[in-house]
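S.K.: This structure is in structure tokens; I'll ask about it shortly.
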Amino acid sequence: MPKNKIKNIIKTVITILLLIVIGNVIVLLLVPSSEFTLGIMFSSSIYSILIGGSMGLGIIWIVKKLDRKYPWLKNPVKRLTYQLVYTILYCSIIILITALLMKFNVMGKVSSEVVWQNSLFMIKIAFTFLILSMLITNSIMFFVNWKKSVVLQEQLKREQLDLQYETLKSQVNPHFLFNSLNSVTSLIKKDPDKAILFVKKLSDVYRYVLEQKDNEIVTIESELKFLDSYIFLQKIRFGENLLINVDVADRNKNIIPLSLQMLMENMIKHNVISKEFPLTIDIFTRDKNYLVMKNSLKKKPALSTGNLGIENIRSRFEFFTDKPLLINESETHFTVEIPILN
């Protein structure tokens with residue numbers, strides 16, 4: 001039997017035993033010890049398991065639902081309020097149902113007044129235990145989530161530095177510099193004005209990479225302006241064989257810095273670009289939730305560089321949003337959809 005199953009069985013057995021003990025302790029507080037029989041102990045044990053089990057499972061379900069909708073770190077006050085209200089309401093219903101069951105069970109044996117008094121006593125004990133346990137567990141959960149957030153922030157900083165390093169490395173690697181120097185040398189002879197513009201765009205690329213070292217998010221507008229400089233450099237090299245179409249209306253939303261450039265670089269790196277097979281890259285939005293980068297597909301022979309850049313971008317977006325980074329590849333196109341951050 002797997003270890004996890006054994007642990008779950010042990011936890012279940014311990015929980016049932018605790019419920020039985022708690023239930024019988026409460027009954028001992030309500031019933032004189034001289035009247036405490038095996039029958040009463042059996043009944044109280046069954047009631048305790050049913051009540052405690054129902055409450056426990058219900059509270060776990062409520063907590064899981066609230067974890068998705070109102071995470072502790074994003075909405076701590078709202079989360080605490082909703083959890084208290086829903087939990088108290090749910091437990092009240094369980095206790096009232098239990099009181100009614102007890103009333104029918106002892107009808108004719110014990111007066112309704114005694115049942116009601118005992119039910120009130122049970123409610124007081126249950127709510128006292130509930131509030132104390134919620135305060136303790138919520139404090140623990142908040143601390144755990146806060147600690148996790150600190151770790152994630154540090155991880156994000158490291159990943160951001162990794163991406164900046166990869167981006168900067170790609171811009172200063174010998175191939176890029178060699179191609180850039182060849183391009184600018186050729187332009188100086190043919191078109192000096194364009195050569196000056198080329199050098200300016202090249203400096204803009206380096207400046208942007210260095211400026212974003214402390215930024216976690218940037219506007220789409222800023223990223224597209226930077227991408228214009230990068231596209232200019234690439235089009236000098238590839239000419240009409242590289243076709244870029246940008247159709248993004250709302251540019252005030254945010255994305256991760258350098259993400260578009262890294263994706264475009266991967267598309268250029270991994271595809272054949274020639275007069276016979278021009279590379280077309282389309283950039284557009286989908287449903288106002290995603291920024292899409294789509295390229296025509298004509299793969300080069302397999303490269304051993306991997307997809308470190310894309311995985312880095314994916315993990316960084318996961319820190320800011322629950323929306324996933326989407327990747328789709330068909331026979332003719334490769335598409336990456338990155339979440340837009342509001």
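Ligands are numbered from 1 in the order shown, chains are lettered A, B, ... in the order of the structure tokens, and residues start at 1 in each chain.
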Contacts of Leu197 (chain A) at 12 Å or less, counting only C-alpha atoms, minus same-chain residues fewer than 6 places along, as a ChimeraX atom specification?

M.R.: /A:183-184,187-188,191,203-204,229,232-233,236

S.K.: Could you pull out the strand (DSSP E or B) residues of region 177-272 of chain A from DSSP and send them as JSON, numbers by chain?

M.R.: {"A": [218, 219, 242, 243, 244, 245, 246, 247, 254, 255, 271]}

S.K.: Using only C-alpha atoms, which of A:Glu211, A:Glu329, A:Glu221, A:Glu265 sits nearest Gln234 (chain A)?

M.R.: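 Using only C-alpha atoms, Gln234 (chain A) sits closest to A:Glu265.
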
S.K.: Using only C-alpha atoms, can you tell me which of A:Gln261, A:Asn252, A:Asn182, A:Ser54 comes closest to Asp228 (chain A)?

M.R.: A:Gln261

S.K.: Using DSSP on the backbone coordinates, identify the residues of region 136-325 of chain A assigned to helix (DSSP H, G or I); present them as a ChimeraX atom specification.

M.R.: /A:136-172,174-190,192-214,220-241,259-270,308-320

S.K.: Considering only C-alpha atoms, state which residue in the set A:Ser139, A:Leu263, A:Ile49, A:Ile340 is at the smallest distance from Asp287 (chain A).

M.R.: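 Of A:Ser139, A:Leu263, A:Ile49, A:Ile340, the one nearest Asp287 (chain A), counting only C-alpha atoms, is A:Ile340.
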
S.K.: Just how far from CA of Asn245 (chain A) is CA of Ile283 (chain A), in Å to one decimal?

M.R.: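 Calculated distance between CA of Ile283 (chain A) and CA of Asn245 (chain A) is 6.1 Å.
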
S.K.: For Glu337 (chain A), find every residue with an atom within 12 Å (counting only C-alpha atoms), except residues of its own chain fewer than 3 positions away, and show them as an NGL selection string.

M.R.: :A and (255 or 259-260 or 263 or 282-295 or 310 or 313-314 or 317 or 323-329 or 334 or 340)

S.K.: I need the residues from that last selection saved to file as a PDB file, in the first residue's frame (with N, CA and C atoms), if you can.

M.R.:
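This went into result-v9.pdb:
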ATOM      1  N   ILE A 255       2.623  44.117 -19.681  1.00  0.00           N
ATOM      2  CA  ILE A 255       3.186  42.782 -19.888  1.00  0.00           C
ATOM      3  C   ILE A 255       4.560  42.735 -19.203  1.00  0.00           C
ATOM      4  N   SER A 259       9.687  40.492 -23.016  1.00  0.00           N
ATOM      5  CA  SER A 259       9.063  39.228 -23.411  1.00  0.00           C
ATOM      6  C   SER A 259       8.841  39.152 -24.920  1.00  0.00           C
ATOM      7  N   LEU A 260       8.384  40.246 -25.542  1.00  0.00           N
ATOM      8  CA  LEU A 260       8.131  40.221 -26.983  1.00  0.00           C
ATOM      9  C   LEU A 260       9.430  40.066 -27.771  1.00  0.00           C
ATOM     10  N   LEU A 263      10.632  36.466 -27.597  1.00  0.00           N
ATOM     11  CA  LEU A 263       9.836  35.584 -28.451  1.00  0.00           C
ATOM     12  C   LEU A 263      10.191  35.786 -29.920  1.00  0.00           C
ATOM     13  N   ASP A 282       3.118  38.010 -36.998  1.00  0.00           N
ATOM     14  CA  ASP A 282       1.956  38.858 -36.710  1.00  0.00           C
ATOM     15  C   ASP A 282       1.833  39.045 -35.204  1.00  0.00           C
ATOM     16  N   ILE A 283       1.595  40.293 -34.798  1.00  0.00           N
ATOM     17  CA  ILE A 283       1.393  40.611 -33.379  1.00  0.00           C
ATOM     18  C   ILE A 283       0.039  41.288 -33.242  1.00  0.00           C
ATOM     19  N   PHE A 284      -0.845  40.695 -32.424  1.00  0.00           N
ATOM     20  CA  PHE A 284      -2.196  41.226 -32.266  1.00  0.00           C
ATOM     21  C   PHE A 284      -2.762  40.784 -30.924  1.00  0.00           C
ATOM     22  N   THR A 285      -3.919  41.314 -30.568  1.00  0.00           N
ATOM     23  CA  THR A 285      -4.559  40.945 -29.301  1.00  0.00           C
ATOM     24  C   THR A 285      -5.726  40.003 -29.553  1.00  0.00           C
ATOM     25  N   ARG A 286      -6.035  39.196 -28.535  1.00  0.00           N
ATOM     26  CA  ARG A 286      -7.191  38.299 -28.594  1.00  0.00           C
ATOM     27  C   ARG A 286      -8.034  38.477 -27.343  1.00  0.00           C
ATOM     28  N   ASP A 287      -9.283  38.835 -27.526  1.00  0.00           N
ATOM     29  CA  ASP A 287     -10.255  38.960 -26.423  1.00  0.00           C
ATOM     30  C   ASP A 287      -9.806  39.926 -25.327  1.00  0.00           C
ATOM     31  N   LYS A 288      -8.905  40.830 -25.644  1.00  0.00           N
ATOM     32  CA  LYS A 288      -8.388  41.813 -24.685  1.00  0.00           C
ATOM     33  C   LYS A 288      -7.670  41.165 -23.497  1.00  0.00           C
ATOM     34  N   ASN A 289      -7.456  39.851 -23.587  1.00  0.00           N
ATOM     35  CA  ASN A 289      -6.806  39.132 -22.488  1.00  0.00           C
ATOM     36  C   ASN A 289      -5.417  38.627 -22.845  1.00  0.00           C
ATOM     37  N   TYR A 290      -5.154  38.503 -24.146  1.00  0.00           N
ATOM     38  CA  TYR A 290      -3.885  37.938 -24.584  1.00  0.00           C
ATOM     39  C   TYR A 290      -3.268  38.769 -25.701  1.00  0.00           C
ATOM     40  N   LEU A 291      -1.959  38.866 -25.654  1.00  0.00           N
ATOM     41  CA  LEU A 291      -1.186  39.452 -26.744  1.00  0.00           C
ATOM     42  C   LEU A 291      -0.569  38.283 -27.505  1.00  0.00           C
ATOM     43  N   VAL A 292      -0.894  38.200 -28.796  1.00  0.00           N
ATOM     44  CA  VAL A 292      -0.535  37.023 -29.590  1.00  0.00           C
ATOM     45  C   VAL A 292       0.629  37.352 -30.525  1.00  0.00           C
ATOM     46  N   MET A 293       1.610  36.451 -30.582  1.00  0.00           N
ATOM     47  CA  MET A 293       2.698  36.541 -31.557  1.00  0.00           C
ATOM     48  C   MET A 293       2.692  35.242 -32.357  1.00  0.00           C
ATOM     49  N   LYS A 294       2.475  35.383 -33.665  1.00  0.00           N
ATOM     50  CA  LYS A 294       2.279  34.216 -34.526  1.00  0.00           C
ATOM     51  C   LYS A 294       3.224  34.312 -35.721  1.00  0.00           C
ATOM     52  N   ASN A 295       3.937  33.231 -36.013  1.00  0.00           N
ATOM     53  CA  ASN A 295       4.858  33.263 -37.152  1.00  0.00           C
ATOM     54  C   ASN A 295       4.627  32.100 -38.101  1.00  0.00           C
ATOM     55  N   ILE A 310      11.470  31.024 -23.300  1.00  0.00           N
ATOM     56  CA  ILE A 310      10.018  30.872 -23.193  1.00  0.00           C
ATOM     57  C   ILE A 310       9.635  30.369 -21.806  1.00  0.00           C
ATOM     58  N   ILE A 313       9.873  33.221 -19.389  1.00  0.00           N
ATOM     59  CA  ILE A 313       8.722  34.121 -19.545  1.00  0.00           C
ATOM     60  C   ILE A 313       7.485  33.508 -18.903  1.00  0.00           C
ATOM     61  N   ARG A 314       7.278  32.207 -19.130  1.00  0.00           N
ATOM     62  CA  ARG A 314       6.107  31.529 -18.567  1.00  0.00           C
ATOM     63  C   ARG A 314       6.088  31.624 -17.041  1.00  0.00           C
ATOM     64  N   PHE A 317       5.273  35.186 -15.766  1.00  0.00           N
ATOM     65  CA  PHE A 317       3.857  35.541 -15.879  1.00  0.00           C
ATOM     66  C   PHE A 317       3.031  34.842 -14.807  1.00  0.00           C
ATOM     67  N   LYS A 323      -3.748  33.367 -15.523  1.00  0.00           N
ATOM     68  CA  LYS A 323      -3.899  33.047 -16.945  1.00  0.00           C
ATOM     69  C   LYS A 323      -2.587  32.456 -17.469  1.00  0.00           C
ATOM     70  N   PRO A 324      -2.659  31.307 -18.123  1.00  0.00           N
ATOM     71  CA  PRO A 324      -1.419  30.655 -18.568  1.00  0.00           C
ATOM     72  C   PRO A 324      -0.868  31.261 -19.856  1.00  0.00           C
ATOM     73  N   LEU A 325       0.420  31.085 -20.069  1.00  0.00           N
ATOM     74  CA  LEU A 325       1.025  31.392 -21.353  1.00  0.00           C
ATOM     75  C   LEU A 325       0.703  30.234 -22.286  1.00  0.00           C
ATOM     76  N   LEU A 326       0.130  30.530 -23.450  1.00  0.00           N
ATOM     77  CA  LEU A 326      -0.364  29.489 -24.353  1.00  0.00           C
ATOM     78  C   LEU A 326       0.563  29.341 -25.553  1.00  0.00           C
ATOM     79  N   ILE A 327       0.903  28.112 -25.882  1.00  0.00           N
ATOM     80  CA  ILE A 327       1.765  27.826 -27.030  1.00  0.00           C
ATOM     81  C   ILE A 327       1.065  26.811 -27.920  1.00  0.00           C
ATOM     82  N   ASN A 328       1.027  27.109 -29.215  1.00  0.00           N
ATOM     83  CA  ASN A 328       0.380  26.199 -30.158  1.00  0.00           C
ATOM     84  C   ASN A 328       1.225  26.111 -31.431  1.00  0.00           C
ATOM     85  N   GLU A 329       1.441  24.902 -31.889  1.00  0.00           N
ATOM     86  CA  GLU A 329       2.223  24.698 -33.114  1.00  0.00           C
ATOM     87  C   GLU A 329       1.457  23.809 -34.074  1.00  0.00           C
ATOM     88  N   PHE A 334       3.477  28.802 -35.835  1.00  0.00           N
ATOM     89  CA  PHE A 334       3.823  28.677 -34.416  1.00  0.00           C
ATOM     90  C   PHE A 334       3.270  29.912 -33.710  1.00  0.00           C
ATOM     91  N   ILE A 340      -2.193  39.413 -20.908  1.00  0.00           N
ATOM     92  CA  ILE A 340      -2.126  40.859 -20.689  1.00  0.00           C
ATOM     93  C   ILE A 340      -2.441  41.126 -19.225  1.00  0.00           C
TER      94      ILE A 340
END

S.K.: Could you check how far CA of Leu177 (chain A) sits from CA of Lys298 (chain A), in Å to one decimal?

M.R.: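 These atoms are spaced 25.0 Å apart.
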
S.K.: Contacts of Arg79 (chain A) at 12 Å or less, counting only C-alpha atoms, minus same-chain residues fewer than 3 places along, as JSON, numbers by chain?

M.R.: {"A": [62, 63, 64, 65, 66, 67, 68, 69, 70, 71, 72, 73, 74, 75, 76, 82, 83, 84, 85, 86, 87, 138, 141, 142]}

S.K.: Quick one: pull the distance between CA of Ile244 (chain A) and CA of Ile281 (chain A), Å, one decimal.

M.R.: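 A separation of 4.9 Å between them.
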